[in-house]
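See below for the structure under consideration.
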Amino acid sequence: MHPLSAHFLVVSAGMGAGHDAVAAELVRRLEDRGQGAGRVDVLELLPHRIGAGLRSFYRTTIRRAPVLYEGIYRAFFRPGRGPRPGSAPLAALAEDRLLALVERERPDVVVPVFHLAAQLTGRLRARGALRVPSAVVVTDFAVHRQWLHPGNDLHLCVTPDAADTVRRALGRPSVATGPVVAARFFGPARGAARWRRRLGALAPGRPPVLLSVGAWGAGTRVADTARLVSGAGYLPVVLCGRDERLRAELSRRPEVAALGWEPDMPGLLGAVRAVVDNAAGQTALEALATGVPVIGYRPIPGHGREGVRRMAALGLSDHARDSWELLRLLDALTEPSAWRERRIAAGRRLFADDAAVRLTDAAARTAAT
């Protein structure tokens with residue numbers, strides 16, 4: 001047990017599943033270290049069901065109107081000259097409820113793991129309304145400007161590159177702690193053998209390749225990608241998340257293994273030879289932890305496209321810009337090779353630090369002052 005017992009309030013957002021997965025794992029790690037930890041969804045702090053409407057709007061645009069989402073991302077998230085719109089008015093609506101929650105729970109540190117939450121705590125810290133430190137866990141490879149508010153005390157980032165971006169933009173403390181991924185993705189997965197038998201029975205002799213489209217089934221021409229992968233001699237295993245319509249559509253294709261919300265992700269990842277990803281999100285990070293090469297292909301707009309490009313530029317994955325390049329990369333990365341081993345090693349090197357340790361240390365420093 002850590003000599004200091006502190007209490008942390010983790011502020012997540014139910015936008016897909018990735019931020020909540022990070023929040024849950026942070027709480028688990030902090031509790032394992034003898035700390036107290038609670039969670040709240042920043043969308044639930046917004047009044048008049050605004051949070052539910054925001055979630056619904058985002059889910060619809062990312063799945064059905066990607067051009068619209070790209071426009072929103074360009075306006076609100078990318079840097080640019082002159083005044084730029086931001087999420088400050090939205091964050092302001094959640095201030096009273098967060099302050100009331102902090103008053104009840106008395107955390108020693110507030111930990112945003114979503115960019116709207118970072119804007120919320122940054123605003124409150126900047127004017128002294130939030131009297132305990134805020135430590136932002138930045139979950140993206142490409143740090144957009146909505147993550148950035150100078151009021152926050154500390155930023156914990158996925159990569160040194162992201163930490164440098166934050167320091168240059170804000171002049172505030174920022175460190176690279178690596179991704180926050182559940183411990184069950186490290187080491188041998190008990191379910192991997194069962195998955196190998198199942199996938200091998202579906203398509204004998206065809207190396208299984210996982211196609212990930214997130215919790216909401218967001219992706220462009222997923223069926224076409226599955227057909228392309230199958231035609232090249234692989235078994236496309238499509239992780240449809242909670243999109244039952246996509247799963248039903250793909251289940252009619254005998255050459256595709258269409259899965260819904262899968263609880264045994266460590267076992268599944270342990271059985272596939274590569275992951276084709278479109279967002280550089282939590283599934284991609286879980287693949288890196290498991291030791292599976294990641295190929296970015298047809299990324300979703302905005303943060304997905306930026307993340308896929310940044311991840312590849314850092315040598316952690318590969319970005320297939322067209323169908324020919326996707327098949328070339330699959331051929332290179334699904335077989336034993338120096339290229340495959342380099343990608344696996346680079347991914348695993350990301351997990352050299354622990355955000356929970358840094359958070360505990362930050363609480364200890366605060367208590368000592």
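Residues are named by chain letter and number: chains run A, B, ... in the order of the structure tokens, numbers start at 1 in each chain, and ligands are numbered from 1 in the order shown.
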According to DSSP computed on the backbone, where in segment 1-226 of chain A is there strand (DSSP E or B)? Give the residues as JSON, numbers by chain. {"A": [7, 8, 9, 10, 11, 12, 36, 37, 38, 39, 40, 41, 109, 110, 111, 112, 134, 135, 136, 137, 154, 155, 156, 157, 174, 175, 176, 208, 209, 210, 211, 212]}
Find the residues near Asp264 of chain A: any atom within 10 Å, counting only C-alpha atoms, skip ones fewer than 4 places away on the same chain, and give them as a ChimeraX atom specification. /A:184,189-192,195,268-269
Write the residues of the preceding selection, restricted to N, CA and C atoms, as a compact mmCIF listing (two decimals), in the first residue's frame.
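selection_30.txt written:
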# COMPACT_ATOMS: atom_id res chain seq x y z
N ARG A 184 -5.41 -7.45 -17.97
CA ARG A 184 -5.68 -8.75 -18.60
C ARG A 184 -5.18 -8.83 -20.04
N ALA A 189 -3.32 -15.00 -22.71
CA ALA A 189 -4.76 -14.92 -22.50
C ALA A 189 -5.34 -16.33 -22.44
N ARG A 190 -6.11 -16.61 -21.39
CA ARG A 190 -6.65 -17.96 -21.23
C ARG A 190 -7.60 -18.35 -22.35
N GLY A 191 -8.28 -17.36 -22.93
CA GLY A 191 -9.26 -17.68 -23.96
C GLY A 191 -8.71 -17.78 -25.37
N ALA A 192 -7.39 -17.54 -25.54
CA ALA A 192 -6.83 -17.51 -26.90
C ALA A 192 -6.93 -18.87 -27.59
N TRP A 195 -10.41 -19.44 -28.89
CA TRP A 195 -10.66 -18.64 -30.07
C TRP A 195 -9.93 -19.20 -31.30
N LEU A 268 -9.53 -13.05 -27.86
CA LEU A 268 -9.70 -12.83 -29.30
C LEU A 268 -8.45 -12.22 -29.91
N LEU A 269 -7.90 -11.20 -29.26
CA LEU A 269 -6.68 -10.57 -29.78
C LEU A 269 -5.52 -11.55 -29.78
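When only C-alpha atoms are used to compute distances to His7 of chain A, the closest of the residues A:Ala142, A:Ala117, A:Val67, A:Val102 turns out to be A:Val102.
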Residues near His319 of chain A, anyone? I mean within 12 Å using only C-alpha atoms, not counting same-chain ones fewer than 5 positions away, as number ranges by chain. A: 275-280, 293-299, 305-314, 324-330
Neighbour list for segment 202-204 of chain A as number ranges by chain, cut-off 10 Å, only C-alpha atoms, skip fewer than 5 positions in-chain: A: 196-197, 233-236, 254-257
Kindly provide the residues of segment 238-333 of chain A that approach segment 8-27 of chain A to within 12 Å, each paired with its closest atom pair and their distance in Å to one decimal, based on only C-alpha atoms, listed by chain and increasing number, as a tab-separated table.
residue	atom	partner	partner_atom	distance
A:Gly241	CA	A:Ala17	CA	9.5
A:Arg242	CA	A:Gly16	CA	9.7
A:Asp243	CA	A:Gly16	CA	11.5
A:Trp261	CA	A:Ala17	CA	10.7
A:Ala279	CA	A:Gly18	CA	10.8
A:Ala280	CA	A:Gly18	CA	10.5
A:Gly281	CA	A:Gly18	CA	6.8
A:Gln282	CA	A:Gly18	CA	5.2
A:Thr283	CA	A:Gly18	CA	8.0
A:Ala284	CA	A:Gly18	CA	10.4
A:Leu285	CA	A:Gly18	CA	10.0
A:Glu286	CA	A:Gly18	CA	10.5
If you keep C-alpha atoms, can you produce a file of those selected residues as a short mmCIF file (atom, residue, chain, number, x, y, z; two decimals), in the first residue's frame?
data_model
loop_
_atom_site.label_atom_id
_atom_site.label_comp_id
_atom_site.auth_asym_id
_atom_site.auth_seq_id
_atom_site.Cartn_x
_atom_site.Cartn_y
_atom_site.Cartn_z
CA GLY A 241 -19.62 -3.61 -31.19
CA ARG A 242 -23.23 -2.81 -30.36
CA ASP A 243 -24.28 -2.25 -33.97
CA TRP A 261 -19.93 -6.87 -28.14
CA ALA A 279 -9.68 5.14 -35.02
CA ALA A 280 -6.40 4.61 -33.10
CA GLY A 281 -8.61 4.12 -30.06
CA GLN A 282 -8.77 1.68 -27.17
CA THR A 283 -8.91 -1.49 -29.31
CA ALA A 284 -5.71 -0.45 -31.07
CA LEU A 285 -4.04 0.13 -27.70
CA GLU A 286 -5.24 -3.23 -26.42
#
Residues flagged helix (DSSP H, G or I) by DSSP in segment 130-305 of chain A, as a PyMOL selection string: chain A and resi 145-147+160-170+183-185+192-202+222-231+244-251+265-271+282-290+303-305
Which residue gives the smallest distance to Pro160 of chain A among A:Val272, A:Ile72, A:Ala126, A:Leu350, with only C-alpha atoms counted? A:Leu350
Pro107 of chain A surroundings by only C-alpha atoms, 10 Å radius, close-in-sequence under 3 positions cut, as a PyMOL selection string: chain A and resi 6-10+36-38+101-104+110-111+132-133+363
For the selection just defined, write its residues with N, CA, C and O atoms to a file, as a compact mmCIF listing (two decimals), in the first residue's frame.
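Dumped everything to again.txt:
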# COMPACT_ATOMS: atom_id res chain seq x y z
N ALA A 6 -5.10 8.68 -0.63
CA ALA A 6 -5.78 9.83 -1.21
C ALA A 6 -7.07 9.37 -1.86
O ALA A 6 -7.34 8.18 -2.00
N HIS A 7 -7.88 10.33 -2.28
CA HIS A 7 -9.12 10.02 -2.99
C HIS A 7 -9.12 10.76 -4.32
O HIS A 7 -8.80 11.95 -4.38
N PHE A 8 -9.47 10.04 -5.37
CA PHE A 8 -9.45 10.58 -6.74
C PHE A 8 -10.87 10.53 -7.31
O PHE A 8 -11.60 9.56 -7.09
N LEU A 9 -11.21 11.55 -8.06
CA LEU A 9 -12.47 11.57 -8.80
C LEU A 9 -12.15 11.57 -10.29
O LEU A 9 -11.59 12.54 -10.81
N VAL A 10 -12.47 10.47 -10.97
CA VAL A 10 -12.19 10.31 -12.40
C VAL A 10 -13.42 10.75 -13.18
O VAL A 10 -14.53 10.24 -12.96
N GLY A 36 -8.47 5.71 -2.65
CA GLY A 36 -9.89 5.77 -2.92
C GLY A 36 -10.12 6.37 -4.30
O GLY A 36 -9.37 7.26 -4.73
N ALA A 37 -11.12 5.91 -5.01
CA ALA A 37 -11.38 6.42 -6.36
C ALA A 37 -12.84 6.27 -6.71
O ALA A 37 -13.45 5.23 -6.43
N GLY A 38 -13.40 7.31 -7.31
CA GLY A 38 -14.77 7.27 -7.80
C GLY A 38 -14.82 7.76 -9.23
O GLY A 38 -13.85 8.33 -9.75
N LEU A 101 -20.45 17.96 -6.51
CA LEU A 101 -19.94 16.60 -6.33
C LEU A 101 -18.60 16.62 -5.60
O LEU A 101 -18.36 15.79 -4.70
N VAL A 102 -17.73 17.54 -5.96
CA VAL A 102 -16.44 17.67 -5.27
C VAL A 102 -16.65 18.02 -3.80
O VAL A 102 -15.96 17.49 -2.92
N GLU A 103 -17.61 18.86 -3.54
CA GLU A 103 -17.90 19.23 -2.15
C GLU A 103 -18.37 18.01 -1.34
O GLU A 103 -18.00 17.85 -0.17
N ARG A 104 -19.16 17.13 -1.97
CA ARG A 104 -19.65 15.93 -1.27
C ARG A 104 -18.55 14.89 -1.09
O ARG A 104 -18.41 14.30 -0.01
N VAL A 110 -8.81 15.65 -9.05
CA VAL A 110 -9.82 15.35 -10.06
C VAL A 110 -9.10 14.97 -11.34
O VAL A 110 -8.14 15.64 -11.75
N VAL A 111 -9.55 13.89 -11.99
CA VAL A 111 -8.83 13.30 -13.12
C VAL A 111 -9.73 13.22 -14.35
O VAL A 111 -10.47 12.25 -14.53
N VAL A 132 -8.75 21.71 -5.60
CA VAL A 132 -7.83 20.57 -5.61
C VAL A 132 -7.26 20.43 -7.02
O VAL A 132 -7.87 20.88 -7.99
N PRO A 133 -6.08 19.83 -7.18
CA PRO A 133 -5.45 19.74 -8.50
C PRO A 133 -6.28 18.92 -9.48
O PRO A 133 -7.04 18.03 -9.10
N ALA A 363 -0.69 13.37 -5.85
CA ALA A 363 -1.47 13.59 -4.62
C ALA A 363 -0.55 13.72 -3.41
O ALA A 363 -0.80 14.54 -2.52
Show which residues sit within 12 Å of Asp224 of chain A, as number ranges by chain. Count only C-alpha atoms, and ignore same-chain residues fewer than 6 positions away. A: 211, 230-231, 236, 238, 249-250, 253, 256, 298, 323
Those residues with N, CA, C and O atoms, as a PDB file, in the first residue's frame please?
ATOM      1  N   LEU A 211     -11.098  -6.888 -37.728  1.00  0.00           N
ATOM      2  CA  LEU A 211     -11.501  -5.570 -38.224  1.00  0.00           C
ATOM      3  C   LEU A 211     -12.296  -4.894 -37.123  1.00  0.00           C
ATOM      4  O   LEU A 211     -13.354  -5.385 -36.716  1.00  0.00           O
ATOM      5  N   SER A 230     -11.024 -11.127 -47.171  1.00  0.00           N
ATOM      6  CA  SER A 230     -11.343 -12.529 -47.438  1.00  0.00           C
ATOM      7  C   SER A 230     -10.799 -12.976 -48.789  1.00  0.00           C
ATOM      8  O   SER A 230     -10.243 -14.082 -48.922  1.00  0.00           O
ATOM      9  N   GLY A 231     -10.947 -12.122 -49.807  1.00  0.00           N
ATOM     10  CA  GLY A 231     -10.461 -12.471 -51.136  1.00  0.00           C
ATOM     11  C   GLY A 231      -8.967 -12.669 -51.199  1.00  0.00           C
ATOM     12  O   GLY A 231      -8.457 -13.354 -52.096  1.00  0.00           O
ATOM     13  N   PRO A 236     -11.700 -12.538 -42.247  1.00  0.00           N
ATOM     14  CA  PRO A 236     -12.013 -11.265 -41.593  1.00  0.00           C
ATOM     15  C   PRO A 236     -12.933 -11.493 -40.393  1.00  0.00           C
ATOM     16  O   PRO A 236     -14.030 -12.047 -40.534  1.00  0.00           O
ATOM     17  N   VAL A 238     -14.936  -9.436 -37.893  1.00  0.00           N
ATOM     18  CA  VAL A 238     -15.388  -8.056 -37.746  1.00  0.00           C
ATOM     19  C   VAL A 238     -16.017  -7.869 -36.373  1.00  0.00           C
ATOM     20  O   VAL A 238     -16.995  -8.529 -36.020  1.00  0.00           O
ATOM     21  N   GLU A 249     -26.016  -7.833 -41.062  1.00  0.00           N
ATOM     22  CA  GLU A 249     -25.636  -7.742 -42.473  1.00  0.00           C
ATOM     23  C   GLU A 249     -24.427  -8.627 -42.780  1.00  0.00           C
ATOM     24  O   GLU A 249     -24.423  -9.386 -43.767  1.00  0.00           O
ATOM     25  N   LEU A 250     -23.412  -8.548 -41.936  1.00  0.00           N
ATOM     26  CA  LEU A 250     -22.185  -9.301 -42.196  1.00  0.00           C
ATOM     27  C   LEU A 250     -22.351 -10.792 -41.903  1.00  0.00           C
ATOM     28  O   LEU A 250     -21.651 -11.620 -42.498  1.00  0.00           O
ATOM     29  N   ARG A 253     -22.813 -13.257 -44.701  1.00  0.00           N
ATOM     30  CA  ARG A 253     -21.679 -13.551 -45.585  1.00  0.00           C
ATOM     31  C   ARG A 253     -20.870 -14.698 -44.992  1.00  0.00           C
ATOM     32  O   ARG A 253     -20.270 -14.562 -43.919  1.00  0.00           O
ATOM     33  N   VAL A 256     -17.173 -14.271 -43.633  1.00  0.00           N
ATOM     34  CA  VAL A 256     -16.907 -13.305 -42.570  1.00  0.00           C
ATOM     35  C   VAL A 256     -17.351 -13.867 -41.228  1.00  0.00           C
ATOM     36  O   VAL A 256     -18.424 -14.476 -41.128  1.00  0.00           O
ATOM     37  N   ARG A 298      -8.946   3.231 -43.761  1.00  0.00           N
ATOM     38  CA  ARG A 298     -10.219   3.948 -43.848  1.00  0.00           C
ATOM     39  C   ARG A 298     -10.636   4.519 -42.489  1.00  0.00           C
ATOM     40  O   ARG A 298     -11.722   4.207 -41.955  1.00  0.00           O
ATOM     41  N   SER A 323      -6.434  -0.018 -50.882  1.00  0.00           N
ATOM     42  CA  SER A 323      -6.654  -1.454 -50.703  1.00  0.00           C
ATOM     43  C   SER A 323      -5.411  -2.271 -51.027  1.00  0.00           C
ATOM     44  O   SER A 323      -5.121  -3.273 -50.359  1.00  0.00           O
TER      45      SER A 323
END
